[in-house]
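Colleague: Handing you this structure, nothing more for now.
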Amino acid sequence: MNDETRDETHDGAHDEAHDDGTRVRGLWRQGLEVFVDNRLALVGVGIFVLLAAFSFLGPLFHDSDQVHTDLASVYLSPGTAGHPLGTDGVGYDQLGRLMLGGQTSIVVGLAAGLLATVVGTVWGAIAGFAGGWVDAVMMRVVDAMMSIPALFLFMLMAAIVTPTVPMLIVIIGAFAWLGPARLVRGEALTLRTREYVLAMRGMGGTGGRAVRRHIIPNAIGTVIVNATFQIADAILYVAYLSFLGLGVPPPAANWGGMLSDGLSDTFSGHWWLLYPPGIAIILIVLAFNFIGDGLRDVFEVRLRRR
Amino acid sequence: MSLLRLVDLSTDIALRRGAVHALDHVNLEVRQGETLGVVGESGSGKTMTVLSVMGLLPPGGRVVGGQILFDGRDLLAMKPEELRRVRGVEMGMVFQDPLTSLNPTMRIGAQVAEPLRVHQGVGKAEARERAIEILRRVGMPRPEKIVDDYPHQLSGGMRQRVVIAMALIRSPRLLIADEPTTALDVTTQRQILELIDDLREEFKMAVILVTHDLGVIASRADRVAVMYAGRVVETATTEELFRAPRHRYTEALMHALPESAQGKLYSIPGLPPDLSRPLTGCRFAPRCRHATDACRTTDVQLVQAAEEHLYACLHPVTEPVAFAPRGAGEPREAAGSGTILSVRELVKEYDAGGKGRVSAVAGVSFEVKAGETLGIVGESGCGKSTVGRLVAGLEEPTGGQIVLDGTDIAGLDRRARRRMHREVQLMFQDSYAAMNPRMRIDGILTEPLEIQRVGDQAARRARVTRLLDQVGLPARALERYPHEFSGGQLQRIGLARSLALEPRLIVADEPVSALDVSIQAQVLNLMRDLQSELGLSYVFISHDLSVVDYMADRIAVMYLGKLVEIGPASQVVRAARHPYTQALIDAVPSPDPGHAPSPATAIRGELPSALNPPTGCRFRTRCPLAQEICATEPPLQGGPHQVACHFPLRPEAAVSAGAAPAGAG
Amino acid sequence: MARYLLTRLGQALVIVVLVTLITFVILHFLPGGAARAILGKEATLEQIAAFNHEMGYDRPLWEQYALYLQRLVHGDLGYSFQLNQSVAEAISQRLPKTMLLSLASTALAVVVAIPLGVVQAVRRNKWPDYTINALSLLAYATPIFFMGLMMIILFSQVWPVLPPEAPQGFTLGEVLADPAGLVLPTVTLAVLTVAVYSRYVRSSMVDNLNENYVRTARSKGLSEGRVIVGHTLRNGLFPVITLLGMYLPALFSGALVVERLFNYPGMGLLFWQSALKRDYPILLGVTLLISVATVLGALVADILYAAVDPRVRLKASRS
């Protein structure tokens, strides 16, 4: 790119600093404006809010028994009285089950994604700041764990301990942190050498201050953006584990498990058992990806200059 | 006979919202065999003009009006293939940054000969021969070998030669050079500019030389076009323009040059206009001291002053601009007494990962007195920035002493070390990079006070407001973020931050190198005003000799980690004793067209590596005067004007009144 | 270059050792202890004691680890009492088939993804870019088994041209003898890969198109096609080589799901069956082997990258 265009495109901002009475906008406000500008990100937020409301508030409006099987009313078609989306092979109401499954998928996704982010951030930050052999050892551990394909590891763990919802969160969280760890370490390494950190040292500031005031605030954007992708991935992992027969056992449900159960019903024409959970998963994963892309714009734009 | 003529050329760059009108009815003419200099500051449209001609506008860029007549034919009306041929064969372009202008994964020869292969269907073997031939012509050593190398194996100056060779291999009729030497050191700049000059004659081509540097224009161009805010505001022959500029902007630009300083620099207030908004009247009017209401409302057109001289100004300059010959500036008031900083035999080496040690600073000694400015000048890689960081306590020296206000800083404990940072502060070249982008200006300015636990909240707040006032920014700026400011404003904020702790010494590392001339003058003046107001000392580090000359009381010249000369500024610049200093001075293009550098002092070759540097005098490998004895290290000797050379160019001048003798304290 | 190779090789070795350490640790955390987990619930105390002694599980931990390593070096991955077969043998029967699936789908993905990514980069922020981007996001968000099922419905049910199940041959040759059966598993596995690769190619190409050297190339009057093919394409695709290595873990994970869905007799299916039966020797053996394969793959990719990119290749000779 050419220096001149860049300068010119930023003159607007410069002028604002001169004009009397221009609104002073905080970083969060500017960020919000950018986020709102990204229509897909808004769509993502919309989808997420709708799906979350459906899962958590839906049962208030559509009451169904999700604990006891009802073998008298299996494979009821959608539209049957009391079962707008029909029932499954053991008589659970499909609409109610989608709500229940959504709760698990969303909770496990959020919790495992956040757990992975927190663990990874701490690990990566320590490695990045410490540097030297500490960094080398910590990162080789990450390399080693990363070279074990995640699903193999999850299944190995799931074969050793019986999966429950909290266990799923721990298993996924315990291995999904590797990506964030690498990312944060890279950020820490570059931020450490930024001139503003150098400037602060020139004022007599300590390493602790550098971390608190300069490195964490600047790395947080990357971490938040990554967290949304971690959540999306965690939701997919739950689905894969269910498909591989190591998900949460019934009567608990999640969209991935419902989808895999639906697979066996494909050829018997019970489409309502297959497509609703499938579409729900795709939608929620897309939603988090859209949100992540929008947030990335926000954090990049704040630094956009030159 | 004009080779290229731009008629009412207008170019827009589309933005997410609206567009920047980068060029507005630009009229220009280049004749066969002449060099047209296009000069302007960033945002003036000088680069957009040549990119429009070459069809290389950035994404969103589009020519929206006018004609580009090359040899009488309008390029904008041509078919794409024909256009590519004209641009590829009859024009050649040299870009600003030689480091990124070459394809990193393609061999030099293949890149240089590519136009021949594409446009003339030349075979592989012949293309290689032609590439070697042209590489030899642009002064490339061992072209048969270089032709098979990759760009990253060459230095910046060598890469620029490759780019020039690439442009010339088609024997173009027009060569466009966009800031061809801005990224290079002065001595390399001189080599490249001379090369372009020679080649112009040999190839009988026309040259458009785009630059922000009036000095480069003055010494190389036949005619000049001055651009401001997307318009040509004045064109004239070089001699006429520098002797009798008519436009007030041209005049202001010349007055803002450190070279022309008589006493204080003239600084143009404000910033260039925002070209995405509709503009009326003369675009320079808001910053012009001669502007009247008419200027703000009339669309000022170019009018003829003389046969070759056009300008667009309602209140043109009538009196000629006098260029002060170097040395005419008053010697500055003698600095106060007392030494604030004393550096003795400073050494800094870096480990080069098993390949040995890089000698960045090798035994440098100097002193800085209270209230004095010591300029450190040298080319990239000479160690001047490292010296600055060592003095500011950001790095630990490998050897030697740094004595600050009578205390050796090496022996300080933690607490004393923190206090030490109150005395010395660093000012950066790129203040944007040196400010946390997520902190507001008040946070940035308060940080040094917080670290040093100075005052309570209210006191800090008051101090910060006062600091902003001192650097000429409104208190409103406190609530804003760094990215909302221009380069010059950021430099002011950077200076304010350095001043927060009331230090006695500020180490300023290239503080104005990234700024345009008019903004540079603002910052330099501010630094000088604050110095006399607060009794500060500066260590002013720069590659730009004229800026250092303007700012410094004494100047130290560094080459490859060594101090080669140090003395009173006027003496070092006007009566250099070291051959390297002289070469550096002669390489600086002077804005006085009458001034011609002497060819004898031009240095050739490349800077040796700091890994295993030459023994003895480190300059001897490139020195025109070098003899056997130079293999032994020359000591730094002399009175106030010391030199480290076995064959100093001249004896030390008699101590002049006003220059503070360094040794006699 | 030699220096780079050595460092990289050393790193890979360290990682492999760490992986063995991880599997060794897991072995000791198996429910009921390693011996019971391996021998099964019916094993008597004598059998367990004998087994522990034979494997050295009654010795200090570090000695156990040394013995474990020693056995690994000799190719002894353990014994599956459920399959009544050594782990190495069980794996070696299935490994080639998994490699076939992975290689075929990667090759397909690369061939499809590169043009897509290039088109996106060249027409960035125009409709081809948006369309491809939307499709790849959709592919990314769809669980791979759901995607596979859609394929089965489409190409075996609605328009029955392909079999819904993978070839069931015992050897690689038997599998290859039924190429039609290979199509759906390969394509399914490739879809996700295409989504990931095309995004990567796009961003790499966009970065390169913004480089100054592209402007230099244009200034020579080259046609747009020549600029892209002759200059940016090569530079833009070099990093894709390293992606081949980095993507391996995800590829193998995907293969696991695809093999289960199409009942493809590879390592993934073996792993899945063993997980349901809690056949730990197989689980650990496969995990170890697949990890080593990943490390080796990444190593090969990095070396390849270093060999083709002159910036890395000639680093040593830089002055």
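Following the order of the structure tokens, first chain is A, next is B, and so on, with residues numbered from 1 inside each chain and ligands from 1 in the order they appear.
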What's around Val186 in chain B at 10 Å? Count only C-alpha atoms, leave out sequence neighbours fewer than 2 positions away in its own chain, and write the answer as a PyMOL selection string.
Modeller: chain B and resi 181-184+188-192+378-380+543-545+583-589
Colleague: Please provide the set of residues having any atom within 9 Å of range 219-230 of chain B, restricted to only C-alpha atoms, with same-chain residues fewer than 4 positions apart removed, written as number ranges by chain.
Modeller: B: 10-11, 21-26, 28, 30, 34-46, 48-49, 193-194, 197, 207-209, 214-215, 234-241, 249-250, 272-275, 283-284, 308, 589-596
Colleague: I'd like to know which residues of range 237-463 of chain B are helix (DSSP H, G or I) (by DSSP, run on the backbone); could you write them as a count of residues only?
Modeller: 64
Colleague: Assign secondary structure with DSSP using the backbone only, and return the residues of range 523-583 of chain B in strand (DSSP E) as a list in words.
Modeller: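 These are the residues in question: Ser537, Tyr538, Val539, Phe540, Ile541, Ser542, Arg554, Ile555, Ala556, Val557, Met558, Tyr559, Lys562, Leu563, Val564, Glu565, Ile566, Gly567 and Pro568 of chain B.
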Colleague: Just to be explicit: take each residue in the selection above, keep C-alpha atoms, and write the result as a short mmCIF file (atom, residue, chain, number, x, y, z; two decimals), in the first residue's frame.
Modeller:
```
data_model
loop_
_atom_site.label_atom_id
_atom_site.label_comp_id
_atom_site.auth_asym_id
_atom_site.auth_seq_id
_atom_site.Cartn_x
_atom_site.Cartn_y
_atom_site.Cartn_z
CA SER B 537 20.10 18.86 27.96
CA TYR B 538 19.51 16.80 24.84
CA VAL B 539 21.32 13.93 23.25
CA PHE B 540 19.89 14.36 19.78
CA ILE B 541 20.39 11.29 17.60
CA SER B 542 19.74 11.56 13.87
CA ARG B 554 28.24 19.95 19.62
CA ILE B 555 28.17 17.07 17.20
CA ALA B 556 29.57 13.57 17.51
CA VAL B 557 29.97 11.51 14.35
CA MET B 558 29.80 7.73 14.59
CA TYR B 559 30.88 5.08 12.13
CA LYS B 562 33.22 4.11 16.81
CA LEU B 563 33.24 7.79 17.51
CA VAL B 564 35.28 9.26 14.66
CA GLU B 565 34.87 12.96 15.32
CA ILE B 566 33.38 15.22 17.96
CA GLY B 567 33.40 18.97 18.31
CA PRO B 568 31.45 22.21 18.22
#
```
Colleague: Please check the contacts: residues of chain C at most 8 Å away from chain A, using only C-alpha atoms, listed as a ChimeraX atom specification.
Modeller: /C:11,14-16,18-19,30-31,137-138,141-143,145-146,149,210-212,248-250,252-253,256-257,260,272,275-276,278,283-284,287-288,290-292,294-295
Colleague: Within 10 Å of chain C, which residues of chain B show up when using only C-alpha atoms, listed as a PyMOL selection string?
Modeller: chain B and resi 51+54-59+80-107+111-112+114-116+118-119+149-155+163+166-167+170+609+611
Colleague: For the residues selected in the previous step, produce a file with C-alpha atoms as a tab-separated table (two decimals), in the first residue's frame.
Modeller:
```tsv
chain	number	residue	atom	x	y	z
B	51	LEU	CA	0.95	5.86	-9.96
B	54	MET	CA	1.81	3.90	-14.48
B	55	GLY	CA	-1.67	2.47	-13.85
B	56	LEU	CA	-0.58	1.22	-10.46
B	57	LEU	CA	-3.14	2.92	-8.26
B	58	PRO	CA	-3.92	1.15	-4.99
B	59	PRO	CA	-7.21	-0.77	-4.64
B	80	PRO	CA	-5.38	-2.78	-22.10
B	81	GLU	CA	-2.77	-4.80	-24.03
B	82	GLU	CA	-1.46	-1.76	-25.82
B	83	LEU	CA	-1.38	0.16	-22.57
B	84	ARG	CA	0.60	-2.59	-20.86
B	85	ARG	CA	3.09	-2.55	-23.70
B	86	VAL	CA	3.56	1.20	-23.51
B	87	ARG	CA	3.96	1.07	-19.75
B	88	GLY	CA	6.13	-2.00	-19.85
B	89	VAL	CA	8.45	-0.99	-22.65
B	90	GLU	CA	8.53	2.77	-22.85
B	91	MET	CA	8.31	3.57	-19.17
B	92	GLY	CA	10.24	2.28	-16.22
B	93	MET	CA	9.62	2.84	-12.56
B	94	VAL	CA	11.83	2.82	-9.47
B	95	PHE	CA	10.12	2.52	-6.10
B	96	GLN	CA	10.77	3.83	-2.63
B	97	ASP	CA	11.48	0.71	-0.65
B	98	PRO	CA	14.03	-1.53	-2.34
B	99	LEU	CA	13.69	-4.12	0.41
B	100	THR	CA	10.13	-5.02	-0.54
B	101	SER	CA	10.06	-4.05	-4.20
B	102	LEU	CA	11.63	-7.26	-5.42
B	103	ASN	CA	10.05	-10.68	-5.52
B	104	PRO	CA	11.77	-12.53	-2.65
B	105	THR	CA	11.63	-15.96	-4.27
B	106	MET	CA	12.72	-15.09	-7.79
B	107	ARG	CA	16.31	-14.90	-8.95
B	111	GLN	CA	13.27	-10.44	-12.43
B	112	VAL	CA	15.50	-8.00	-14.26
B	114	GLU	CA	11.36	-10.38	-17.28
B	115	PRO	CA	10.22	-7.37	-19.38
B	116	LEU	CA	12.41	-8.55	-22.26
B	118	VAL	CA	7.48	-10.87	-21.95
B	119	HIS	CA	7.43	-7.93	-24.31
B	149	ASP	CA	21.11	-14.59	-6.37
B	150	TYR	CA	17.92	-13.82	-4.51
B	151	PRO	CA	17.05	-10.32	-3.26
B	152	HIS	CA	17.57	-11.04	0.43
B	153	GLN	CA	21.22	-11.72	-0.25
B	154	LEU	CA	21.79	-8.07	-1.23
B	155	SER	CA	21.97	-4.85	0.76
B	163	VAL	CA	15.28	-2.16	-9.40
B	166	MET	CA	14.99	-3.71	-14.15
B	167	ALA	CA	13.51	-0.39	-15.22
B	170	ARG	CA	13.72	-2.02	-21.65
B	609	SER	CA	29.54	-6.01	8.84
B	611	LEU	CA	30.37	-8.88	13.02
```
Colleague: Using only C-alpha atoms, which of B:Leu536, B:Ala626, B:Val507, B:Ala165 sits nearest chain A?
Modeller: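 Residue with the minimum atom-to-atom distance to chain A: B:Val507.
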Colleague: At a cut-off of 7 Å, list the chain B residues touching chain A, using only C-alpha atoms, as a ChimeraX atom specification.
Modeller: /B:42-43,58,274-275,392-394,418,421-422,425-426,433-438,448,451,477,479-480,483-486
Colleague: Just want the 12 Å neighbourhood of Leu42 in chain A, counted on only C-alpha atoms, with same-chain residues fewer than 3 positions away dropped. Output as a short mmCIF file (atom, residue, chain, number, x, y, z; two decimals) with N, CA and C atoms, in the first residue's frame.
Modeller:
```cif
data_model
loop_
_atom_site.label_atom_id
_atom_site.label_comp_id
_atom_site.auth_asym_id
_atom_site.auth_seq_id
_atom_site.Cartn_x
_atom_site.Cartn_y
_atom_site.Cartn_z
N LEU A 32 -17.86 -0.89 19.43
CA LEU A 32 -19.25 -1.27 19.22
C LEU A 32 -19.72 -0.83 17.84
N GLU A 33 -19.34 0.38 17.46
CA GLU A 33 -19.75 0.88 16.15
C GLU A 33 -19.23 -0.02 15.03
N VAL A 34 -17.97 -0.44 15.17
CA VAL A 34 -17.40 -1.31 14.14
C VAL A 34 -18.13 -2.64 14.12
N PHE A 35 -18.41 -3.16 15.30
CA PHE A 35 -19.07 -4.46 15.40
C PHE A 35 -20.44 -4.39 14.74
N VAL A 36 -21.16 -3.32 15.04
CA VAL A 36 -22.51 -3.16 14.50
C VAL A 36 -22.45 -3.01 12.98
N ASP A 37 -21.33 -2.47 12.50
CA ASP A 37 -21.12 -2.30 11.07
C ASP A 37 -21.05 -3.64 10.34
N ASN A 38 -20.58 -4.66 11.04
CA ASN A 38 -20.42 -5.97 10.45
C ASN A 38 -21.76 -6.71 10.57
N ARG A 39 -22.50 -6.76 9.46
CA ARG A 39 -23.85 -7.30 9.53
C ARG A 39 -23.86 -8.75 9.94
N VAL A 45 -24.94 -12.76 16.53
CA VAL A 45 -25.47 -12.49 17.86
C VAL A 45 -26.96 -12.85 17.89
N GLY A 46 -27.67 -12.48 16.83
CA GLY A 46 -29.09 -12.76 16.75
C GLY A 46 -29.37 -14.26 16.85
N ILE A 47 -28.63 -15.04 16.05
CA ILE A 47 -28.84 -16.49 16.05
C ILE A 47 -28.58 -17.06 17.45
N PHE A 48 -27.48 -16.61 18.03
CA PHE A 48 -27.12 -17.13 19.35
C PHE A 48 -28.22 -16.81 20.36
N VAL A 49 -28.68 -15.56 20.37
CA VAL A 49 -29.71 -15.17 21.33
C VAL A 49 -30.97 -15.99 21.12
N LEU A 286 -21.97 -21.56 13.25
CA LEU A 286 -21.86 -20.39 12.37
C LEU A 286 -21.94 -19.11 13.19
N ALA A 287 -22.91 -19.08 14.12
CA ALA A 287 -23.12 -17.87 14.91
C ALA A 287 -21.84 -17.46 15.62
N PHE A 288 -21.18 -18.44 16.27
CA PHE A 288 -19.96 -18.08 17.00
C PHE A 288 -18.84 -17.67 16.04
N ASN A 289 -18.82 -18.27 14.87
CA ASN A 289 -17.80 -17.84 13.90
C ASN A 289 -18.05 -16.41 13.43
N PHE A 290 -19.32 -16.09 13.18
CA PHE A 290 -19.65 -14.72 12.76
C PHE A 290 -19.26 -13.73 13.86
N ILE A 291 -19.62 -14.08 15.09
CA ILE A 291 -19.31 -13.18 16.21
C ILE A 291 -17.79 -12.99 16.30
N GLY A 292 -17.07 -14.11 16.16
CA GLY A 292 -15.62 -14.02 16.24
C GLY A 292 -15.04 -13.10 15.17
N ASP A 293 -15.54 -13.25 13.93
CA ASP A 293 -15.05 -12.38 12.85
C ASP A 293 -15.35 -10.92 13.15
N GLY A 294 -16.55 -10.67 13.67
CA GLY A 294 -16.92 -9.30 14.01
C GLY A 294 -16.02 -8.73 15.08
N LEU A 295 -15.75 -9.53 16.10
CA LEU A 295 -14.89 -9.06 17.19
C LEU A 295 -13.48 -8.80 16.68
#
```
Colleague: For Gln230 in chain A, list every protein, DNA or RNA residue within 12 Å, evaluated using only C-alpha atoms, and leave out those in the same chain fewer than 6 positions away; present the list as a short mmCIF file (atom, residue, chain, number, x, y, z; two decimals) with C-alpha atoms, in the first residue's frame.
Modeller:
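Generated output (result09.cif):
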```cif
data_model
loop_
_atom_site.label_atom_id
_atom_site.label_comp_id
_atom_site.auth_asym_id
_atom_site.auth_seq_id
_atom_site.Cartn_x
_atom_site.Cartn_y
_atom_site.Cartn_z
CA VAL A 108 -20.71 -27.48 27.35
CA GLY A 109 -19.58 -25.33 24.41
CA LEU A 110 -19.36 -22.16 26.47
CA ALA A 111 -17.83 -23.79 29.52
CA ALA A 112 -15.30 -25.92 27.65
CA GLY A 113 -14.40 -23.06 25.30
CA LEU A 114 -13.87 -20.69 28.20
CA LEU A 115 -11.98 -23.26 30.24
CA ALA A 116 -9.68 -23.90 27.29
CA THR A 117 -9.19 -20.17 26.81
CA VAL A 118 -8.36 -19.52 30.44
CA GLY A 120 -4.34 -21.70 27.43
CA ILE A 172 -12.59 -30.99 26.06
CA GLY A 173 -11.28 -28.05 28.04
CA PHE A 175 -7.08 -30.56 25.56
CA ALA A 176 -8.49 -27.65 23.62
CA TRP A 177 -6.32 -25.12 25.47
CA LEU A 178 -3.30 -25.89 23.30
CA GLY A 179 -4.33 -23.58 20.48
CA PRO A 180 -4.91 -20.55 22.73
CA ALA A 181 -1.66 -21.32 24.56
CA VAL A 223 -7.87 -13.94 23.39
CA ILE A 224 -11.51 -12.89 23.21
CA LEU A 236 -18.52 -29.62 17.39
CA TYR A 237 -16.35 -31.85 19.59
CA VAL A 285 -21.35 -22.94 15.15
CA PHE A 288 -19.96 -18.08 17.00
CA ASN A 289 -17.80 -17.84 13.90
CA ILE A 291 -19.31 -13.18 16.21
CA GLY A 292 -15.62 -14.02 16.24
#
```
Colleague: What's around Asn612 in chain B at 10 Å? Count only C-alpha atoms, leave out sequence neighbours fewer than 2 positions away in its own chain, and write the answer as an MDAnalysis selection string.
Modeller: chainID B and resid 355:359 608:610 614:615
Colleague: Within 8 Å of Val364 in chain B, counting only C-alpha atoms, which residues show up once you throw out same-chain ones fewer than 6 positions away? Write them as a list of chain:residue names, please.
Modeller: B:Val343, B:Arg344, B:Glu345, B:Leu346, B:Val347, B:Gly561, B:Lys562, B:Leu563
Colleague: Save out the residues we just selected, N, CA, C and O atoms, as a short mmCIF file (atom, residue, chain, number, x, y, z; two decimals), in the first residue's frame.
Modeller:
```cif
data_model
loop_
_atom_site.label_atom_id
_atom_site.label_comp_id
_atom_site.auth_asym_id
_atom_site.auth_seq_id
_atom_site.Cartn_x
_atom_site.Cartn_y
_atom_site.Cartn_z
N VAL B 343 30.16 9.81 29.45
CA VAL B 343 30.23 8.43 28.97
C VAL B 343 31.68 8.10 28.72
O VAL B 343 32.37 8.84 28.03
N ARG B 344 32.14 7.00 29.30
CA ARG B 344 33.57 6.67 29.17
C ARG B 344 33.76 5.27 28.62
O ARG B 344 33.31 4.30 29.22
N GLU B 345 34.44 5.19 27.50
CA GLU B 345 34.83 3.90 26.90
C GLU B 345 33.66 2.91 26.83
O GLU B 345 33.80 1.74 27.17
N LEU B 346 32.52 3.41 26.40
CA LEU B 346 31.32 2.58 26.38
C LEU B 346 31.43 1.49 25.30
O LEU B 346 31.81 1.76 24.17
N VAL B 347 31.12 0.25 25.71
CA VAL B 347 31.18 -0.88 24.78
C VAL B 347 29.88 -1.66 24.86
O VAL B 347 29.34 -1.87 25.96
N GLY B 561 30.15 1.79 15.09
CA GLY B 561 30.40 1.58 16.51
C GLY B 561 31.45 2.47 17.13
O GLY B 561 31.66 2.45 18.33
N LYS B 562 32.15 3.25 16.29
CA LYS B 562 33.22 4.11 16.81
C LYS B 562 32.84 5.57 16.68
O LYS B 562 32.16 5.97 15.74
N LEU B 563 33.36 6.35 17.62
CA LEU B 563 33.24 7.79 17.51
C LEU B 563 34.41 8.26 16.66
O LEU B 563 35.56 8.05 17.03
#
```
Colleague: Let me make sure I understand: among B:Ile146, B:Leu607, B:Val233, B:Leu534, which one has the smallest atom-to-atom distance to Asp185 in chain B if we use only C-alpha atoms?
Modeller: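 Selected residue with least distance to Asp185 in chain B: B:Leu607.
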